>>> print(open('work_31.txt').read())   # compact mmCIF, C-alpha atoms
# COMPACT_ATOMS: atom_id res chain seq x y z
CA MET Z 1328 24.00 -7.99 7.40
CA THR Z 1329 23.75 -11.15 9.51
CA ARG Z 1330 23.00 -14.79 8.85
CA GLN Z 1331 20.80 -16.87 11.06
CA ILE Z 1332 21.42 -20.59 11.62
CA SER Z 1333 18.23 -22.54 11.28
CA ALA Z 1334 17.02 -24.43 14.32
CA ARG Z 1335 16.29 -27.41 12.12
CA ASN Z 1336 18.36 -30.53 12.79
CA ASN Z 1337 19.98 -30.43 9.37
CA GLY Z 1338 21.72 -27.16 10.32
CA THR Z 1339 20.96 -25.42 7.02
CA VAL Z 1340 21.66 -21.70 6.75
CA ASP Z 1341 18.72 -19.39 6.14
CA PRO Z 1342 19.00 -16.51 3.64
CA PRO Z 1343 20.58 -13.29 4.95
CA VAL Z 1344 18.22 -11.14 7.02
CA PRO Z 1345 17.95 -7.70 5.38
CA PRO Z 1346 18.55 -4.75 7.70
CA THR Z 1347 15.54 -2.71 8.74
CA MET Z 1348 15.18 0.34 6.52
CA LEU Z 1349 15.40 3.79 8.04
CA GLN Z 1350 12.19 5.78 7.73
CA GLY Z 1351 12.22 9.38 6.55
CA THR Z 1352 9.95 12.08 5.18
CA MET Z 1353 10.20 14.56 2.33
CA VAL Z 1354 7.82 17.49 1.88
CA LEU Z 1355 7.93 18.62 -1.74
CA GLN Z 1356 6.76 22.08 -2.71
CA ILE Z 1357 5.19 22.06 -6.17
CA ALA Z 1358 3.89 24.82 -8.43
CA GLY Z 1359 2.81 25.67 -11.95
CA GLU Z 1360 1.11 23.56 -14.58
CA LEU Z 1361 1.12 19.79 -15.11
CA GLY Z 1362 4.53 19.70 -16.82
CA ASN Z 1363 6.09 21.55 -13.90
CA HIS Z 1364 4.47 19.18 -11.41
CA ILE Z 1365 5.91 16.20 -13.26
CA ALA Z 1366 9.37 17.81 -13.23
CA TYR Z 1367 9.17 18.29 -9.44
CA LEU Z 1368 8.00 14.72 -8.89
CA ALA Z 1369 10.68 13.37 -11.24
CA TYR Z 1370 13.27 15.11 -9.05
CA TYR Z 1371 11.74 13.40 -6.03
CA PHE Z 1372 12.10 10.06 -7.84
CA ALA Z 1373 15.85 10.65 -8.09
CA VAL Z 1374 16.01 11.51 -4.36
CA ARG Z 1375 13.89 8.49 -3.42
CA THR Z 1376 15.92 6.10 -5.56
CA ILE Z 1377 19.25 7.20 -4.14
CA ALA Z 1378 17.82 7.10 -0.62
CA SER Z 1379 16.57 3.53 -0.91
CA THR Z 1380 19.40 1.98 -2.90
CA GLU Z 1381 22.39 3.69 -1.31
CA PHE Z 1382 21.27 4.73 2.19
CA ASN Z 1383 18.72 2.02 3.06
CA LEU Z 1384 16.25 4.87 3.58
CA ASN Z 1385 12.54 4.67 2.82
CA LEU Z 1386 11.02 8.11 2.22
CA THR Z 1387 7.37 9.06 2.65
CA LEU Z 1388 6.26 11.84 0.30
CA HIS Z 1389 4.06 14.81 1.22
CA VAL Z 1390 3.35 17.76 -1.07
CA ARG Z 1391 2.70 21.46 -0.60
CA LYS Z 1392 0.81 22.62 -3.67
CA GLN Z 1393 0.58 26.20 -4.85
CA ASN Z 1394 -2.83 27.76 -4.19
CA HIS Z 1395 -3.32 28.96 -7.74
CA ARG Z 1396 -5.91 28.03 -10.34
CA LYS Z 1397 -3.47 26.35 -12.73
CA SER Z 1398 -1.62 24.55 -9.96
CA ILE Z 1399 -4.82 23.25 -8.38
CA SER Z 1400 -5.89 21.83 -11.75
CA ALA Z 1401 -2.44 20.34 -12.34
CA ALA Z 1402 -2.43 18.65 -8.94
CA ARG Z 1403 -5.76 17.03 -9.80
CA ASN Z 1404 -4.38 15.81 -13.13
CA VAL Z 1405 -1.21 14.39 -11.53
CA GLN Z 1406 -3.45 11.93 -9.70
CA CYS Z 1407 -4.03 10.33 -13.09
CA LEU Z 1408 -0.49 8.96 -12.75
CA LYS Z 1409 -0.44 5.59 -11.03
CA SER Z 1410 2.27 6.53 -8.53
CA PHE Z 1411 0.25 9.44 -7.16
CA ARG Z 1412 -3.26 8.06 -7.24
CA HIS Z 1413 -3.57 8.18 -3.45
CA LEU Z 1414 -1.26 11.11 -2.67
CA ASP Z 1415 -3.03 13.86 -0.69
CA PHE Z 1416 -2.54 17.05 -2.68
CA ASP Z 1417 -4.84 18.99 -0.35
CA GLU Z 1418 -2.80 18.45 2.82
CA CYS Z 1419 -1.53 22.02 2.68
CA ASP Z 1420 -1.10 24.89 0.27
CA TRP Z 1421 1.35 27.72 -0.18
CA PHE Z 1422 0.76 31.20 -1.51
CA LYS Z 1423 2.87 33.81 -3.21
CA THR Z 1424 3.01 37.08 -1.31
CA ASP Z 1425 0.66 39.23 -3.31
CA ASN Z 1426 -1.32 42.27 -2.21
CA ASN Z 1427 -4.08 41.21 -4.60
CA LYS Z 1428 -4.36 37.94 -2.65
CA ASN Z 1429 -4.99 39.63 0.71
CA GLY Z 1430 -1.34 39.47 1.66
CA LYS Z 1431 -1.26 35.68 2.01
CA LYS Z 1432 2.26 34.40 2.47
CA LEU Z 1433 4.15 31.18 2.09
CA GLY Z 1434 3.20 28.34 4.26
CA GLU Z 1435 0.20 28.62 6.51
CA LEU Z 1436 0.00 25.30 8.42
CA CYS Z 1437 2.90 23.63 6.62
CA LYS Z 1438 5.26 26.60 6.92
CA THR Z 1439 4.54 26.56 10.66
CA LYS Z 1440 5.70 22.94 10.80
CA ILE Z 1441 8.89 23.85 8.95
CA SER Z 1442 9.54 26.80 11.27
CA ASN Z 1443 8.90 24.68 14.37
CA GLN Z 1444 11.42 22.11 13.18
CA SER Z 1445 14.09 24.74 12.56
CA GLU Z 1446 13.55 26.43 15.93
CA ALA Z 1447 13.63 23.13 17.84
CA LEU Z 1448 16.93 22.13 16.22
CA LEU Z 1449 18.42 25.53 17.02
CA ASP Z 1450 17.37 25.19 20.67
CA LEU Z 1451 18.89 21.70 20.83
CA GLU Z 1452 22.15 22.97 19.38
CA ARG Z 1453 22.33 25.72 21.99
CA SER Z 1454 21.41 23.51 24.93
CA SER Z 1455 23.82 20.73 23.97
CA ASN Z 1456 26.56 23.03 22.66
CA ASN Z 1457 26.75 20.73 19.64
CA GLN Z 1458 27.71 22.72 16.54
CA THR Z 1459 27.32 19.64 14.38
CA ILE Z 1460 23.54 19.92 14.62
CA SER Z 1461 23.59 23.19 12.69
CA THR Z 1462 25.64 21.62 9.91
CA LEU Z 1463 23.38 18.59 9.67
CA SER Z 1464 20.10 20.50 9.89
CA SER Z 1465 21.06 22.76 6.99
CA SER Z 1466 20.72 19.72 4.73
CA LEU Z 1467 17.00 19.42 5.55
CA SER Z 1468 16.24 22.36 3.29
CA MET Z 1469 16.86 20.67 -0.04
CA SER Z 1470 18.60 23.26 -2.19
CA LYS Z 1471 18.73 23.00 -5.94
CA HIS Z 1472 20.34 19.67 -6.81
CA GLU Z 1473 21.78 19.38 -10.30
CA THR Z 1474 23.53 16.03 -9.87
CA SER Z 1475 23.16 12.82 -7.91
CA ASN Z 1476 26.21 13.77 -5.85
CA ASP Z 1477 24.38 16.91 -4.70
CA ILE Z 1478 21.53 14.69 -3.51
CA ARG Z 1479 23.89 12.24 -1.81
CA SER Z 1480 25.50 15.05 0.15
CA SER Z 1481 22.15 16.11 1.64
CA LEU Z 1482 21.01 12.54 2.29
CA ARG Z 1483 24.27 11.68 4.04
CA ASP Z 1484 23.62 14.41 6.63
CA TYR Z 1485 19.94 13.50 6.84
CA VAL Z 1486 20.72 9.87 7.66
CA ALA Z 1487 23.16 11.04 10.35
CA MET Z 1488 20.28 12.96 11.95
CA LEU Z 1489 17.97 9.95 11.78
CA GLN Z 1490 20.58 7.92 13.63
CA ASP Z 1491 21.20 10.51 16.36
CA ASP Z 1492 19.36 9.47 19.54
CA SER Z 1493 19.35 12.98 21.04
CA ILE Z 1494 17.74 14.45 17.92
CA LEU Z 1495 15.12 11.70 17.70
CA GLN Z 1496 14.27 12.08 21.40
CA MET Z 1497 13.79 15.82 20.92
CA TYR Z 1498 11.44 15.24 17.98
CA ARG Z 1499 9.33 12.84 20.03
CA THR Z 1500 9.26 15.09 23.09
CA MET Z 1501 8.50 18.33 21.27
CA ASN Z 1502 6.31 16.79 18.57
CA VAL Z 1503 8.06 18.60 15.72
CA GLY Z 1504 7.98 15.77 13.17
CA TRP Z 1505 5.69 16.07 10.18
CA ASN Z 1506 2.96 14.12 11.98
CA SER Z 1507 2.53 11.63 14.81
CA ASP Z 1508 3.25 8.70 12.48
CA GLU Z 1509 6.49 10.29 11.27
CA PRO Z 1510 8.13 11.66 14.47
CA TYR Z 1511 11.55 12.38 13.02
CA PRO Z 1512 13.32 15.06 10.94
CA PHE Z 1513 11.83 15.79 7.53
CA LEU Z 1514 13.31 17.10 4.30
CA TYR Z 1515 11.62 20.00 2.54
CA ASN Z 1516 12.13 22.59 -0.17
CA LEU Z 1517 11.00 26.20 -0.42
CA GLU Z 1518 12.30 26.88 -3.91
CA VAL Z 1519 12.19 25.40 -7.39
CA ASN Z 1520 13.46 21.82 -7.36
CA MET Z 1521 12.81 20.43 -10.83
CA ILE Z 1522 14.76 17.53 -12.22
CA SER Z 1523 17.88 18.53 -14.14
CA ASP Z 1524 18.92 17.17 -17.52
CA ALA Z 1525 21.77 15.29 -15.84
CA LEU Z 1526 19.38 13.57 -13.43
CA ILE Z 1527 16.97 12.70 -16.25
CA ASP Z 1528 19.81 11.02 -18.15
CA GLU Z 1529 20.88 9.09 -15.06
CA PHE Z 1530 17.49 7.95 -13.80
CA TYR Z 1531 15.57 7.41 -17.03
CA SER Z 1532 16.79 3.82 -17.22
CA ARG Z 1533 16.25 3.31 -13.49
CA GLY Z 1534 12.47 3.45 -13.65
CA LEU Z 1535 11.60 7.12 -14.16
CA PRO Z 1536 9.18 6.53 -17.10
CA GLN Z 1537 7.33 3.84 -15.12
CA TYR Z 1538 7.15 6.11 -12.08
CA LEU Z 1539 5.40 8.76 -14.19
CA ALA Z 1540 3.17 6.33 -16.11
CA PHE Z 1541 -0.54 7.01 -16.49
CA ASP Z 1542 -2.94 4.77 -14.63
CA ASP Z 1543 -4.08 2.66 -17.58
CA ASP Z 1544 -6.79 0.97 -15.48
CA THR Z 1545 -8.75 4.16 -14.83
CA LYS Z 1546 -7.66 6.88 -17.26
CA ASN Z 1547 -10.43 6.15 -19.76
CA SER Z 1548 -13.26 6.19 -17.22
CA SER Z 1549 -11.97 8.85 -14.81
CA GLY Z 1550 -11.82 11.72 -17.28
CA CYS Z 1551 -8.04 11.97 -17.09
CA CYS Z 1552 -7.66 11.97 -20.86
CA ALA Z 1553 -10.05 13.83 -23.14
CA MET Z 1554 -8.67 12.04 -26.20
CA LEU Z 1555 -6.39 9.03 -26.64
CA PRO Z 1556 -4.31 8.22 -29.73
CA THR Z 1557 -5.20 5.19 -31.76
CA GLU Z 1558 -2.66 2.44 -32.34
CA ASP Z 1559 -1.51 3.95 -35.67
CA GLU Z 1560 -1.09 7.49 -34.24
CA GLN Z 1561 1.80 9.19 -32.45
CA VAL Z 1562 1.74 12.15 -30.09
CA PHE Z 1563 4.09 15.06 -30.79
CA HIS Z 1564 4.77 17.36 -27.84
CA HIS Z 1565 5.59 20.74 -29.39
CA ARG Z 1566 5.82 23.13 -26.43
CA SER Z 1567 9.46 24.15 -25.81
CA PHE Z 1568 10.55 21.36 -28.14
CA VAL Z 1569 13.74 23.20 -29.19
CA THR Z 1570 15.12 23.36 -25.65
CA ASP Z 1571 13.87 19.83 -24.91
CA LEU Z 1572 15.96 18.32 -27.70
CA PRO Z 1573 19.40 16.92 -26.72
>>> encode(input="work_31.txt", output="structure tokens")
Amino acid sequence: MTRQISARNNGTVDPPVPPTMLQGTMVLQIAGELGNHIAYLAYYFAVRTIASTEFNLNLTLHVRKQNHRKSISAARNVQCLKSFRHLDFDECDWFKTDNNKNGKKLGELCKTKISNQSEALLDLERSSNNQTISTLSSSLSMSKHETSNDIRSSLRDYVAMLQDDSILQMYRTMNVGWNSDEPYPFLYNLEVNMISDALIDEFYSRGLPQYLAFDDDTKNSSGCCAMLPTEDEQVFHHRSFVTDLP
């Protein structure tokens, strides 16, 4: 971090100039009902918070929703949360391999993007004879993270990729970023990545409830809530309450 001396005659010192944040992308696969969606997005909150506060990394979120009746309805309901009001849940879908679903498989357009990224990195590793690329690129597929240290380990490698000129040049040349506005490596998951109890405990006081707050300005008029409690009522969530208790 640097300080700039003001050009004014009095020679006062301006405030420190903050470093420019790195830009990154995460593509989050979501599935199931509303509660599951919230658990996936809560996990992303932990990743995003660590990225911004510890790695000076600003992540852009994209989602791959499950093409299933319950998941489609849940994705629509998640947009009742203020943080996701403008998130595009229809950007791409994924399917379970199922003969009753005409053999549709994971991915379609979005899986193609993920495959293209992996193949381009493998080609770069071979052409440059740089074995480090394989090690770094393995962190792009976000495996199940139970703790914040698990997340840090993946983000540490991800940041190293974002700072590698040869990797960034390859992404621009081969157009293997998520889109033209995000021409750099992207994180993704192809398995269940719900927030763990340990991460809930750690990030609850760091803004997690506010991140998942309903949009109070529109929830009454948009049909998000069929019924709201009065001021003298409380809501008791009973599903799985035994396992939810500490």
>>> residues_around(input="work_31.txt", residues="Asp1528 of chain Z", least_positions_apart="6", cutoff="12 Å", atoms="all atoms listed in the file", output="list in words")
Ala1369, Tyr1370, Ala1373, Glu1473, Thr1474, Ser1475, Ile1522, Gly1534, Leu1535, Pro1536 and Pro1573 of chain Z
>>> closest_residue(input="work_31.txt", among="Z:Asp1477, Z:Thr1380, Z:Ala1487, Z:Ser1493", to="Ser1454 of chain Z", atoms="all atoms listed in the file")
Z:Ser1493
>>> atom_distance(input="work_31.txt", atom1="atom CA of Lys1392 of chain Z", atom2="atom CA of Val1354 of chain Z")
10.3 Å
>>> closest_residue(input="work_31.txt", among="Z:Cys1419, Z:Leu1526, Z:Ile1365, Z:Met1521", to="His1389 of chain Z", atoms="all atoms listed in the file")
Z:Cys1419
>>> residues_around(input="work_31.txt", residues="Val1405 of chain Z", least_positions_apart="2", cutoff="10 Å", atoms="all atoms listed in the file", output="list in words")
Glu1360, Leu1361, Gly1362, His1364, Ile1365, Leu1368, Ser1400, Ala1401, Ala1402, Arg1403, Cys1407, Leu1408, Lys1409, Ser1410, Phe1411, Arg1412, Leu1414, Phe1416, Leu1539, Phe1541 and Cys1551 of chain Z
>>> closest_residue(input="work_31.txt", among="Z:Ser1461, Z:Asn1363, Z:Thr1500, Z:Asn1506", to="Gly1351 of chain Z", atoms="all atoms listed in the file")
Z:Asn1506
>>> residues_near_point(input="work_31.txt", point="(17.2, 9.3, 0.1)", cutoff="9 Å", atoms="all atoms listed in the file", output="ChimeraX atom specification")
/Z:1351,1373-1386,1478-1479,1481-1483,1485-1486
>>> atom_distance(input="work_31.txt", atom1="atom CA of Asp1491 of chain Z", atom2="atom CA of Ser1466 of chain Z")
14.8 Å
>>> closest_residue(input="work_31.txt", among="Z:Asn1457, Z:Asn1404, Z:Ser1465, Z:Asn1476", to="Glu1529 of chain Z", atoms="only C-alpha atoms")
Z:Asn1476
>>> atom_distance(input="work_31.txt", atom1="atom CA of Lys1471 of chain Z", atom2="atom CA of Glu1518 of chain Z")
7.8 Å
>>> closest_residue(input="work_31.txt", among="Z:Ser1532, Z:Ser1480, Z:Asn1394, Z:Asn1516", to="Ile1441 of chain Z", atoms="all atoms listed in the file")
Z:Asn1516
>>> residues_near_point(input="work_31.txt", point="(7.2, 24.2, 11.5)", cutoff="12 Å", atoms="only C-alpha atoms", output="list in words")
Val1354, Gly1434, Glu1435, Leu1436, Cys1437, Lys1438, Thr1439, Lys1440, Ile1441, Ser1442, Asn1443, Gln1444, Ser1445, Glu1446, Ala1447, Leu1448, Tyr1498, Met1501, Asn1502, Val1503, Gly1504, Trp1505, Asn1506, Pro1512, Phe1513, Leu1514 and Tyr1515 of chain Z
>>> axis_aligned_box(input="work_31.txt", around="segment 1520-1530 of chain Z", padding_each_side="6 Å", output="AutoDock Vina command-line options")
--center_x 17.3 --center_y 14.9 --center_z -12.8 --size_x 21.0 --size_y 25.9 --size_z 22.8
>>> build_atoms(input="work_31.txt", residues="segment 1497-1516 of chain Z", atoms="N, CA, C and O atoms", output="mmCIF file, in the frame of the given file")
data_model
loop_
_atom_site.group_PDB
_atom_site.id
_atom_site.type_symbol
_atom_site.label_atom_id
_atom_site.label_comp_id
_atom_site.auth_asym_id
_atom_site.auth_seq_id
_atom_site.Cartn_x
_atom_site.Cartn_y
_atom_site.Cartn_z
ATOM 1 N N MET Z 1497 14.338 14.467 20.956
ATOM 2 C CA MET Z 1497 13.790 15.820 20.920
ATOM 3 C C MET Z 1497 12.559 15.895 20.031
ATOM 4 O O MET Z 1497 11.562 16.535 20.373
ATOM 5 N N TYR Z 1498 12.589 15.227 18.887
ATOM 6 C CA TYR Z 1498 11.440 15.240 17.980
ATOM 7 C C TYR Z 1498 10.222 14.596 18.644
ATOM 8 O O TYR Z 1498 9.096 15.074 18.497
ATOM 9 N N ARG Z 1499 10.449 13.507 19.361
ATOM 10 C CA ARG Z 1499 9.330 12.840 20.030
ATOM 11 C C ARG Z 1499 8.786 13.683 21.173
ATOM 12 O O ARG Z 1499 7.570 13.781 21.365
ATOM 13 N N THR Z 1500 9.676 14.308 21.928
ATOM 14 C CA THR Z 1500 9.260 15.090 23.090
ATOM 15 C C THR Z 1500 8.530 16.362 22.681
ATOM 16 O O THR Z 1500 7.496 16.713 23.260
ATOM 17 N N MET Z 1501 9.049 17.039 21.672
ATOM 18 C CA MET Z 1501 8.500 18.330 21.270
ATOM 19 C C MET Z 1501 7.484 18.226 20.151
ATOM 20 O O MET Z 1501 6.874 19.223 19.758
ATOM 21 N N ASN Z 1502 7.302 17.016 19.623
ATOM 22 C CA ASN Z 1502 6.310 16.790 18.570
ATOM 23 C C ASN Z 1502 6.523 17.726 17.377
ATOM 24 O O ASN Z 1502 5.611 18.425 16.931
ATOM 25 N N VAL Z 1503 7.743 17.725 16.855
ATOM 26 C CA VAL Z 1503 8.060 18.600 15.720
ATOM 27 C C VAL Z 1503 8.293 17.809 14.436
ATOM 28 O O VAL Z 1503 8.791 18.360 13.451
ATOM 29 N N GLY Z 1504 7.961 16.520 14.424
ATOM 30 C CA GLY Z 1504 7.980 15.770 13.170
ATOM 31 C C GLY Z 1504 6.825 16.195 12.293
ATOM 32 O O GLY Z 1504 5.974 17.001 12.684
ATOM 33 N N TRP Z 1505 6.763 15.644 11.097
ATOM 34 C CA TRP Z 1505 5.690 16.070 10.180
ATOM 35 C C TRP Z 1505 4.321 15.697 10.733
ATOM 36 O O TRP Z 1505 3.376 16.455 10.631
ATOM 37 N N ASN Z 1506 4.202 14.517 11.321
ATOM 38 C CA ASN Z 1506 2.960 14.120 11.980
ATOM 39 C C ASN Z 1506 3.301 13.046 13.016
ATOM 40 O O ASN Z 1506 4.456 12.649 13.164
ATOM 41 N N SER Z 1507 2.294 12.588 13.726
ATOM 42 C CA SER Z 1507 2.530 11.630 14.810
ATOM 43 C C SER Z 1507 3.042 10.288 14.306
ATOM 44 O O SER Z 1507 3.687 9.543 15.050
ATOM 45 N N ASP Z 1508 2.758 9.957 13.046
ATOM 46 C CA ASP Z 1508 3.250 8.700 12.480
ATOM 47 C C ASP Z 1508 4.670 8.826 11.936
ATOM 48 O O ASP Z 1508 5.298 7.814 11.611
ATOM 49 N N GLU Z 1509 5.148 10.041 11.803
ATOM 50 C CA GLU Z 1509 6.490 10.290 11.270
ATOM 51 C C GLU Z 1509 7.226 11.247 12.215
ATOM 52 O O GLU Z 1509 7.526 12.387 11.859
ATOM 53 N N PRO Z 1510 7.558 10.785 13.433
ATOM 54 C CA PRO Z 1510 8.130 11.660 14.470
ATOM 55 C C PRO Z 1510 9.652 11.789 14.366
ATOM 56 O O PRO Z 1510 10.384 11.470 15.306
ATOM 57 N N TYR Z 1511 10.115 12.261 13.238
ATOM 58 C CA TYR Z 1511 11.550 12.380 13.020
ATOM 59 C C TYR Z 1511 11.801 13.534 12.042
ATOM 60 O O TYR Z 1511 10.842 14.103 11.482
ATOM 61 N N PRO Z 1512 13.042 13.943 11.846
ATOM 62 C CA PRO Z 1512 13.320 15.060 10.940
ATOM 63 C C PRO Z 1512 12.747 14.819 9.547
ATOM 64 O O PRO Z 1512 12.646 13.684 9.082
ATOM 65 N N PHE Z 1513 12.360 15.899 8.892
ATOM 66 C CA PHE Z 1513 11.830 15.790 7.530
ATOM 67 C C PHE Z 1513 12.551 16.756 6.592
ATOM 68 O O PHE Z 1513 12.928 17.862 6.961
ATOM 69 N N LEU Z 1514 12.746 16.287 5.369
ATOM 70 C CA LEU Z 1514 13.310 17.100 4.300
ATOM 71 C C LEU Z 1514 12.222 17.978 3.705
ATOM 72 O O LEU Z 1514 11.046 17.616 3.710
ATOM 73 N N TYR Z 1515 12.608 19.123 3.170
ATOM 74 C CA TYR Z 1515 11.620 20.000 2.540
ATOM 75 C C TYR Z 1515 12.332 20.923 1.561
ATOM 76 O O TYR Z 1515 13.564 21.035 1.566
ATOM 77 N N ASN Z 1516 11.568 21.572 0.706
ATOM 78 C CA ASN Z 1516 12.130 22.590 -0.170
ATOM 79 C C ASN Z 1516 11.196 23.792 -0.223
ATOM 80 O O ASN Z 1516 9.965 23.639 -0.163
#
